[in-house]
Amino acid sequence: MTDATHSSLLKQGARTVKRNRAEARFKAYGLLAIGIGVLMLLVLLTTIIGRGTGAFQQTYLTLDVTLDAAKIDKKGNRNIDDIKKVSTFGYKPLLVNAFETMVETTEITSDLKPKAMSDILSKGAEAQMRDAVLADPTLIGQTVTFDFLASGRVDGYLKGRVTRDSIANDKNINAEQLDLVDQLRAADVLEKKFNLAFITGADSSDARPEAAGFGVSMVGSLAMMLVVLALALPIGVAASIYLEEFAPKNLITDIIEVNISNLAAVPSIVFGILGLAVFINYMHLPNSAPLVGGLVLTLMTLPTIIISTRASLKSVPPSIRDAALGVGASKMQSVFHHVLPLAAPGILTGTIIGLAQALGETAPLLLIGMVGFIASNGPESISEGLLSPNSAMPAQIYEWAKRADPAFYERAWGGIIILLVFLITMNFVAVMLRRRFERRW
Amino acid sequence: MRDNTQTLEAHVANKSKISATGVQVYYGDNHAIKDVNVEIEDKTVTAFIGPSGCGKSTFLRCINRMNDTIDICRVEGKILIDGEDIYDPAVDPVQLRAKVGMVFQKPNPFPKSIYDNVAYGPRIHGLARNKSELDEIVERALRRGAIWNEVKDRLHAPGTGLSGGQQQRLCIARAVATEPEVLLMDEPCSALDPIATAQVEELIDELRQNYSVVIVTHSMQQAARVSQRTAFFHLGNLVEFGDTDKIFTTPEDPRTESYITGRIG
């Protein structure tokens with residue numbers, strides 16, 4: 001019974017229909033944008049995981065080797081100095097013998113000469129035997145079972161990267177060797193295993209991609225992060241507190257403020273060349289040292305930390321400062337007893353995000369030479385602490401990606417997985433800290 | 001030194017606790033307080049009333065030098081507390097604020113426990129030698145803040161978890177815990193409901209036993225209820241200052257009359 005001149009609430013007017021349509025369209029755009037984002041992320045993650053997981057597995061051959069005393073300890077007196085005189089070259093015959101024995105005693109057959117058979121192993125196999133003997137000379141004369149790394153080509157064959165077609169012009173491997181590999185695989189002595197050495201080990205030369213590891217560059221990155229944390233956090237927080245709470249608001253502080261924001265936008269390569277000019281050429285700090293890398297990354301991270309710290313100091317309500325001053329606290333007491341604890345979660349989050357940024361930074365490291373080729377495992381490669389030449393995770397990835405052998409390419413993807421795990425963990429910690437310490441007032 | 005003692009005696013005789021002469025306040029170019037002279041007595045409640053922006057809060061904040069935290073603010077003239085000029089270069093504002101406590105418009109407890117809120121002032125001023133002394137101070141302050149009975153069982157609960165009225169009384173307890181001689185209150189009830197307001201007003205009346213209380217309020221009824229002396233500010237001028245009864249019944253200045261009858265403000 002509505003009056004004809006009044007519009008009914010049950011019927012949408014033309015304008016309302018138009019507005020509702022616009023809103024529906026906007027929602028659809030939003031969904032589309034999110035959809036595209038998620039799709040990109042999925043493509044990225046599947047690519048990285050698909051290509052990188054191979055690096056965490058490596059092909060090993062289990063082989064019994066008789067450590068013939070006549071070959072490696074000719075004098076027979078087990079004198080460690082004499083044994084050391086035998087180079088890895090001297091161990092080659094042992095390997096050849098082992099293959100010979102294998103063909104004689106098992107059902108495995110091959111037309112290849114034993115020497116050619118032994119080429120399916122990594123070029124580091126002899127060194128592996130020598131290291132074992134030097135570590136324990138009593139092994140001499142015994143038959144020892146070794147897990148040898150297979151060569152990069154064999155590993156690629158098992159992972160599908162190398163095929164019988166692709167090796168047509170390859171001097172490193174031939175079809176007969178692949179026949180042998182197939183038999184060894186059937187006999188369960190050649191198989192893919194989890195590759196701990198990739199996570200803990202050092203880089204290797206171009207000829208031995210199967211032995212290359214990420215561990216030493218992880219240590220390099222860690223050392224740099226320690227330097228960044230030790231320098232950037234105290235300097236950044238102190239600078240922010242002074243600027244935000246104590247500094248008079250005048251032209252000079254305005255200029256400083258603008259410049260800090262500008263510094264945050266300076267391309268990282270500029271910091272790299274600055275580090276090269278100042279820390280290495282002028283101050284004569286060593287090349288490739290995590291200390292220098294850390295200093296450069298500190299310069300880069302400082303603006304991030306200062307900006308986020310100032311933002312979190314600003315977000316503390318002024319009433320808290322008034323309250324503290326009102327009961328007779330000094331400026332410093334009000335800052336350190338009340339403002340800083342309330343700003344701490346934000347400061348921590350900003351610091352961790354800044355660190356994560358620094359961890360993934362490559363360009364400045366290339367300029368200061370943080371792409372050191374460190375082939376030795378373990379403590380000797382980092383004996384000089386922050387001054388021993390090293391690489392860093394992203395620089396190592398870059399190094400591998402530009403090498404010719406596709407086996408290194410796979411390792412570059414593997415390195416990316418490890419780097420991403422670090423970054424995601426750091427961001428996760430940042431979120432958790434914020435949740436945990438967030439206080440409301 | 002002799003001079004000081006004499007002025008001090010003179011003021012005690014006068015019962016005047018705070019004496020302001022020729023106070024001018026500038027925010028940059030803005031002349032916010034114009035030549036204010038006022039004598040505030042000990043153990044009385046003095047109310048500052050006036051329309052928004054008239055300078056009453058600004059003047060209140062001059063008394064404990066809270067305006068120092070504002071860069072562009074400049075104060076001229078003399079404010080004496082017990083005969084000592086608080087704007088003397090030798091005066092440390094931090095020491096002054098321990099003597100002149102302040103309660104703010106919006107309840108602003110620290111995001112800490114109720115106990116820590118009250119204990120903070122005594123701790124930083126070293127008023128307690130040990131834990132039991134501190135406990136006593138906290139209990140005394142909370143009793144004076146008329147909130148002890150409500151919180152005695154949950155002293156370690158966060159102060160921010162209390163209701164608005166309780167928070168404001170907690171802030172009053174926090175202010176009195178440092179044993180100030182003057183208590184400044186900047187619209188302490190503006191964020192409170194009528195019941196909480198009544199509780200705080202009752203409390204202000206009790207606080208008069210021990211302190212000189214200065215309260216800024218927008219509510220003329222409140223000024224009439226709690227104060228003995230009232231000052232009316234208008235556009236940065238102190239228009240009229242006198243006994244509350246007199247200001248509200250027979251104001252001398254036409255502006256005061258217009259304001260209290262609701263024609264301006």
# chains A, B, ... in the order shown; residues from 1 in each chain; ligands from 1
$ closest_atom_pairs --of "chain A" --to "chain B" --cutoff "12 Å" --atoms "only C-alpha atoms" --output "tab-separated table"
residue	atom	partner	partner_atom	distance
A:Glu245	CA	B:Thr69	CA	10.0
A:Phe246	CA	B:Thr69	CA	9.8
A:Ala247	CA	B:Asp71	CA	10.2
A:Pro248	CA	B:Asp71	CA	7.2
A:Lys249	CA	B:Asp71	CA	7.5
A:Asn250	CA	B:Asp71	CA	9.8
A:Val316	CA	B:Pro111	CA	11.2
A:Pro317	CA	B:Asn108	CA	9.5
A:Pro318	CA	B:Asn108	CA	9.6
A:Ser319	CA	B:Asn108	CA	6.0
A:Ile320	CA	B:Asn108	CA	6.4
A:Arg321	CA	B:Phe110	CA	9.5
A:Asp322	CA	B:Met66	CA	8.0
A:Ala323	CA	B:Asn108	CA	6.5
A:Ala324	CA	B:Phe110	CA	8.3
A:Leu325	CA	B:Arg97	CA	7.4
A:Gly326	CA	B:Met102	CA	5.4
A:Val327	CA	B:Gly121	CA	5.6
A:Gly328	CA	B:Ala98	CA	4.5
A:Ala329	CA	B:Val94	CA	6.3
A:Ser330	CA	B:Val94	CA	5.7
A:Lys331	CA	B:Val94	CA	8.5
A:Met332	CA	B:Val94	CA	10.9
A:Gln333	CA	B:Ile124	CA	8.5
A:Ser334	CA	B:Ile124	CA	10.5
A:His337	CA	B:Tyr120	CA	9.5
A:His338	CA	B:Phe110	CA	7.5
A:Val339	CA	B:Phe110	CA	10.0
A:Pro341	CA	B:Pro111	CA	10.0
A:Leu342	CA	B:Pro111	CA	8.5
A:Phe437	CA	B:Pro111	CA	12.0
A:Glu438	CA	B:Pro111	CA	11.0
A:Arg439	CA	B:Pro111	CA	7.4
A:Arg440	CA	B:Pro111	CA	7.5
A:Trp441	CA	B:Thr160	CA	6.2
$ residues_around --residues "range 244-248 of chain B" --least-positions-apart "2" --cutoff "12 Å" --atoms "only C-alpha atoms" --output "mmCIF file with N, CA and C atoms, in the first residue's frame"
data_model
loop_
_atom_site.group_PDB
_atom_site.id
_atom_site.type_symbol
_atom_site.label_atom_id
_atom_site.label_comp_id
_atom_site.auth_asym_id
_atom_site.auth_seq_id
_atom_site.Cartn_x
_atom_site.Cartn_y
_atom_site.Cartn_z
ATOM 1 N N THR B 44 43.693 23.790 49.905
ATOM 2 C CA THR B 44 42.406 24.185 49.336
ATOM 3 C C THR B 44 42.330 23.586 47.940
ATOM 4 N N VAL B 45 41.108 23.545 47.420
ATOM 5 C CA VAL B 45 40.945 23.135 46.031
ATOM 6 C C VAL B 45 40.666 24.384 45.215
ATOM 7 N N THR B 46 41.503 24.623 44.218
ATOM 8 C CA THR B 46 41.309 25.777 43.348
ATOM 9 C C THR B 46 40.895 25.263 41.977
ATOM 10 N N ALA B 47 39.796 25.783 41.450
ATOM 11 C CA ALA B 47 39.338 25.326 40.142
ATOM 12 C C ALA B 47 39.651 26.379 39.092
ATOM 13 N N PHE B 48 40.120 25.916 37.927
ATOM 14 C CA PHE B 48 40.272 26.800 36.765
ATOM 15 C C PHE B 48 39.148 26.466 35.807
ATOM 16 N N ILE B 49 38.309 27.462 35.496
ATOM 17 C CA ILE B 49 37.253 27.222 34.523
ATOM 18 C C ILE B 49 37.401 28.192 33.357
ATOM 19 N N MET B 220 31.056 23.437 35.185
ATOM 20 C CA MET B 220 30.942 24.459 36.228
ATOM 21 C C MET B 220 30.349 23.896 37.492
ATOM 22 N N GLN B 221 29.445 22.897 37.321
ATOM 23 C CA GLN B 221 28.870 22.261 38.507
ATOM 24 C C GLN B 221 29.976 21.606 39.318
ATOM 25 N N GLN B 222 30.908 20.972 38.576
ATOM 26 C CA GLN B 222 31.995 20.313 39.284
ATOM 27 C C GLN B 222 32.839 21.330 40.040
ATOM 28 N N ALA B 223 33.159 22.440 39.387
ATOM 29 C CA ALA B 223 33.933 23.485 40.048
ATOM 30 C C ALA B 223 33.205 23.930 41.308
ATOM 31 N N ALA B 224 31.905 24.121 41.193
ATOM 32 C CA ALA B 224 31.127 24.580 42.335
ATOM 33 C C ALA B 224 31.120 23.543 43.446
ATOM 34 N N ARG B 225 31.081 22.247 43.048
ATOM 35 C CA ARG B 225 31.006 21.194 44.060
ATOM 36 C C ARG B 225 32.322 21.013 44.793
ATOM 37 N N VAL B 226 33.444 21.000 44.078
ATOM 38 C CA VAL B 226 34.679 20.567 44.733
ATOM 39 C C VAL B 226 35.583 21.702 45.192
ATOM 40 N N SER B 227 35.446 22.908 44.638
ATOM 41 C CA SER B 227 36.487 23.895 44.912
ATOM 42 C C SER B 227 36.068 24.933 45.950
ATOM 43 N N GLN B 228 37.087 25.518 46.573
ATOM 44 C CA GLN B 228 36.849 26.641 47.467
ATOM 45 C C GLN B 228 37.155 27.955 46.766
ATOM 46 N N ARG B 229 38.086 27.903 45.840
ATOM 47 C CA ARG B 229 38.460 29.093 45.090
ATOM 48 C C ARG B 229 38.305 28.781 43.609
ATOM 49 N N THR B 230 37.921 29.738 42.805
ATOM 50 C CA THR B 230 37.740 29.518 41.377
ATOM 51 C C THR B 230 38.389 30.649 40.591
ATOM 52 N N ALA B 231 39.062 30.257 39.502
ATOM 53 C CA ALA B 231 39.635 31.247 38.597
ATOM 54 C C ALA B 231 38.968 31.074 37.243
ATOM 55 N N PHE B 232 38.511 32.173 36.653
ATOM 56 C CA PHE B 232 37.882 32.103 35.339
ATOM 57 C C PHE B 232 38.836 32.667 34.298
ATOM 58 N N VAL B 239 40.314 36.362 34.083
ATOM 59 C CA VAL B 239 39.289 37.399 34.176
ATOM 60 C C VAL B 239 38.910 37.666 35.617
ATOM 61 N N GLU B 240 38.724 36.600 36.342
ATOM 62 C CA GLU B 240 38.258 36.787 37.709
ATOM 63 C C GLU B 240 38.750 35.648 38.573
ATOM 64 N N PHE B 241 39.115 35.951 39.798
ATOM 65 C CA PHE B 241 39.619 34.931 40.706
ATOM 66 C C PHE B 241 39.105 35.249 42.098
ATOM 67 N N GLY B 242 38.460 34.280 42.723
ATOM 68 C CA GLY B 242 37.960 34.563 44.052
ATOM 69 C C GLY B 242 37.331 33.329 44.665
ATOM 70 N N THR B 250 27.763 35.998 42.714
ATOM 71 C CA THR B 250 27.838 37.415 42.358
ATOM 72 C C THR B 250 29.143 37.731 41.649
ATOM 73 N N PRO B 251 29.300 37.258 40.392
ATOM 74 C CA PRO B 251 30.531 37.558 39.671
ATOM 75 C C PRO B 251 30.655 39.045 39.399
ATOM 76 N N GLU B 252 31.900 39.538 39.446
ATOM 77 C CA GLU B 252 32.105 40.966 39.226
ATOM 78 C C GLU B 252 32.165 41.297 37.748
ATOM 79 N N ASP B 253 32.808 40.396 36.968
ATOM 80 C CA ASP B 253 33.030 40.706 35.561
ATOM 81 C C ASP B 253 31.858 40.213 34.723
ATOM 82 N N PRO B 254 31.390 41.002 33.764
ATOM 83 C CA PRO B 254 30.276 40.559 32.913
ATOM 84 C C PRO B 254 30.608 39.300 32.118
ATOM 85 N N ARG B 255 31.896 39.110 31.767
ATOM 86 C CA ARG B 255 32.256 37.914 30.994
ATOM 87 C C ARG B 255 32.060 36.660 31.837
ATOM 88 N N THR B 256 32.429 36.753 33.119
ATOM 89 C CA THR B 256 32.240 35.619 34.010
ATOM 90 C C THR B 256 30.768 35.271 34.097
ATOM 91 N N GLU B 257 29.975 36.290 34.242
ATOM 92 C CA GLU B 257 28.541 36.052 34.375
ATOM 93 C C GLU B 257 27.989 35.396 33.115
ATOM 94 N N SER B 258 28.416 35.912 31.935
ATOM 95 C CA SER B 258 27.948 35.330 30.680
ATOM 96 C C SER B 258 28.325 33.864 30.596
ATOM 97 N N TYR B 259 29.556 33.550 31.048
ATOM 98 C CA TYR B 259 30.017 32.166 30.918
ATOM 99 C C TYR B 259 29.238 31.260 31.849
ATOM 100 N N ILE B 260 29.101 31.667 33.123
ATOM 101 C CA ILE B 260 28.452 30.738 34.060
ATOM 102 C C ILE B 260 26.961 30.645 33.818
ATOM 103 N N THR B 261 26.397 31.620 33.138
ATOM 104 C CA THR B 261 24.984 31.496 32.805
ATOM 105 C C THR B 261 24.789 30.867 31.434
#
$ atom_distance --atom1 "CA of Val278 in chain A" --atom2 "CA of Ala232 in chain A"
17.9 Å
$ residues_around --residues "range 47-59 of chain A" --least-positions-apart "6" --cutoff "10 Å" --atoms "only C-alpha atoms" --output "ChimeraX atom specification"
/A:41,121,147-152,154-159,190-199,210-213,407-418,420
$ atom_distance --atom1 "CA of Val25 in chain B" --atom2 "CA of Arg61 in chain B"
10.7 Å
$ residues_around --residues "Ser118 in chain A" --least-positions-apart "5" --cutoff "8 Å" --atoms "only C-alpha atoms" --output "list in words"
Leu95, Val96 and Phe99 of chain A
$ closest_residue --among "B:Val182, B:Leu80, B:Asn30, B:Ala191" --to "Arg208 in chain B" --atoms "only C-alpha atoms"
B:Val182
$ atom_distance --atom1 "CA of Val371 in chain A" --atom2 "CA of Pro394 in chain A"
9.3 Å
$ residues_around --residues "range 424-436 of chain A" --least-positions-apart "3" --cutoff "9 Å" --atoms "only C-alpha atoms" --output "list in words"
Ala344, Pro345, Gly346, Leu348, Thr349, Gly350, Thr351, Ile352, Ile353, Leu355, Ala356, Leu419, Leu420, Val421 and Arg439 of chain A
$ write_last_selection --atoms "C-alpha atoms" --output "PDB file, in the first residue's frame"
ATOM      1  CA  ALA A 344      60.571  -3.123  21.646  1.00  0.00           C
ATOM      2  CA  PRO A 345      58.412  -5.486  19.577  1.00  0.00           C
ATOM      3  CA  GLY A 346      58.400  -3.034  16.691  1.00  0.00           C
ATOM      4  CA  LEU A 348      62.798  -6.223  17.020  1.00  0.00           C
ATOM      5  CA  THR A 349      60.579  -6.781  14.017  1.00  0.00           C
ATOM      6  CA  GLY A 350      62.292  -3.994  12.092  1.00  0.00           C
ATOM      7  CA  THR A 351      65.707  -5.349  13.005  1.00  0.00           C
ATOM      8  CA  ILE A 352      64.892  -8.877  11.923  1.00  0.00           C
ATOM      9  CA  ILE A 353      63.401  -7.671   8.637  1.00  0.00           C
ATOM     10  CA  LEU A 355      68.726  -8.549   8.818  1.00  0.00           C
ATOM     11  CA  ALA A 356      66.720 -10.704   6.441  1.00  0.00           C
ATOM     12  CA  LEU A 419      68.416 -19.244   1.738  1.00  0.00           C
ATOM     13  CA  LEU A 420      64.630 -19.080   1.589  1.00  0.00           C
ATOM     14  CA  VAL A 421      64.331 -21.348   4.607  1.00  0.00           C
ATOM     15  CA  ARG A 439      50.911  -4.792  24.542  1.00  0.00           C
TER      16      ARG A 439
END
$ closest_residue --among "B:Val38, B:Asp116, B:Arg123, B:Gln24" --to "Arg74 in chain B" --atoms "only C-alpha atoms"
B:Gln24
$ residues_around --residues "range 52-56 of chain B" --least-positions-apart "4" --cutoff "7 Å" --atoms "only C-alpha atoms" --output "list in words"
Ala32, Ile33, Phe48, Leu60, Val216, Phe233, His234, Leu235 and Gly236 of chain B
$ write_last_selection --atoms "N, CA and C atoms" --output "PDB file, in the first residue's frame"
ATOM      1  N   ALA B  32      49.470  32.727  24.383  1.00  0.00           N
ATOM      2  CA  ALA B  32      48.418  31.875  24.937  1.00  0.00           C
ATOM      3  C   ALA B  32      47.972  32.313  26.330  1.00  0.00           C
ATOM      4  N   ILE B  33      48.899  32.802  27.127  1.00  0.00           N
ATOM      5  CA  ILE B  33      48.551  33.261  28.479  1.00  0.00           C
ATOM      6  C   ILE B  33      49.046  34.698  28.610  1.00  0.00           C
ATOM      7  N   PHE B  48      40.120  25.916  37.927  1.00  0.00           N
ATOM      8  CA  PHE B  48      40.272  26.800  36.765  1.00  0.00           C
ATOM      9  C   PHE B  48      39.148  26.466  35.807  1.00  0.00           C
ATOM     10  N   LEU B  60      47.993  25.504  33.907  1.00  0.00           N
ATOM     11  CA  LEU B  60      48.187  24.402  34.853  1.00  0.00           C
ATOM     12  C   LEU B  60      49.520  23.702  34.582  1.00  0.00           C
ATOM     13  N   VAL B 216      41.538  21.689  36.718  1.00  0.00           N
ATOM     14  CA  VAL B 216      40.964  22.325  35.530  1.00  0.00           C
ATOM     15  C   VAL B 216      39.703  21.559  35.185  1.00  0.00           C
ATOM     16  N   PHE B 233      39.185  31.845  33.314  1.00  0.00           N
ATOM     17  CA  PHE B 233      40.073  32.253  32.229  1.00  0.00           C
ATOM     18  C   PHE B 233      39.244  32.501  30.980  1.00  0.00           C
ATOM     19  N   HIS B 234      39.648  33.530  30.225  1.00  0.00           N
ATOM     20  CA  HIS B 234      38.987  33.767  28.954  1.00  0.00           C
ATOM     21  C   HIS B 234      39.996  34.348  27.982  1.00  0.00           C
ATOM     22  N   LEU B 235      40.192  33.684  26.848  1.00  0.00           N
ATOM     23  CA  LEU B 235      41.122  34.128  25.805  1.00  0.00           C
ATOM     24  C   LEU B 235      42.515  34.460  26.354  1.00  0.00           C
ATOM     25  N   GLY B 236      42.983  33.632  27.266  1.00  0.00           N
ATOM     26  CA  GLY B 236      44.332  33.811  27.776  1.00  0.00           C
ATOM     27  C   GLY B 236      44.445  34.769  28.942  1.00  0.00           C
TER      28      GLY B 236
END
$ residues_around --residues "range 264-273 of chain A" --least-positions-apart "2" --cutoff "12 Å" --atoms "only C-alpha atoms" --output "JSON, numbers by chain"
{"A": [257, 258, 259, 260, 261, 262, 275, 276, 277, 278, 279, 280, 281, 292, 293, 294, 295, 296, 297, 298, 299, 300, 301, 302, 303, 304, 305, 306, 307, 308, 354, 357, 358, 360, 361, 362, 363, 364, 365, 366, 367, 368, 369, 370]}
$ select_by_dssp --residues "range 39-250 of chain B" --states "alpha helix (DSSP H)" --output "ChimeraX atom specification"
/B:56-63,93-99,114-125,131-144,148-151,164-176,194-207,220-226,244-249
$ decode --residues "range 201-213 of chain A" --atoms "N, CA and C atoms" --output "CSV table (one decimal), in the first residue's frame"
chain,number,residue,atom,x,y,z
A,201,GLY,N,79.1,-28.8,3.6
A,201,GLY,CA,80.4,-28.8,3.0
A,201,GLY,C,80.8,-27.5,2.4
A,202,ALA,N,82.0,-27.5,1.7
A,202,ALA,CA,82.6,-26.3,1.1
A,202,ALA,C,82.3,-26.4,-0.5
A,203,ASP,N,82.6,-25.3,-1.1
A,203,ASP,CA,82.5,-25.3,-2.6
A,203,ASP,C,83.6,-26.2,-3.2
A,204,SER,N,83.4,-26.6,-4.4
A,204,SER,CA,84.4,-27.4,-5.1
A,204,SER,C,84.8,-26.8,-6.4
A,205,SER,N,85.8,-27.4,-7.0
A,205,SER,CA,86.3,-26.8,-8.3
A,205,SER,C,85.3,-27.2,-9.4
A,206,ASP,N,85.5,-26.6,-10.6
A,206,ASP,CA,84.5,-26.8,-11.7
A,206,ASP,C,84.4,-28.3,-12.1
A,207,ALA,N,85.5,-29.1,-11.9
A,207,ALA,CA,85.5,-30.4,-12.4
A,207,ALA,C,84.7,-31.4,-11.5
A,208,ARG,N,84.3,-30.9,-10.3
A,208,ARG,CA,83.7,-31.8,-9.3
A,208,ARG,C,82.4,-31.2,-8.8
A,209,PRO,N,81.4,-31.0,-9.6
A,209,PRO,CA,80.2,-30.3,-9.1
A,209,PRO,C,79.5,-31.2,-8.0
A,210,GLU,N,79.7,-32.5,-8.1
A,210,GLU,CA,79.1,-33.4,-7.2
A,210,GLU,C,79.5,-33.2,-5.7
A,211,ALA,N,80.7,-32.6,-5.5
A,211,ALA,CA,81.2,-32.4,-4.2
A,211,ALA,C,80.9,-31.0,-3.6
A,212,ALA,N,80.3,-30.1,-4.4
A,212,ALA,CA,80.1,-28.7,-4.0
A,212,ALA,C,79.1,-28.6,-2.9
A,213,GLY,N,79.4,-27.9,-1.8
A,213,GLY,CA,78.5,-27.7,-0.7
A,213,GLY,C,78.3,-26.2,-0.3
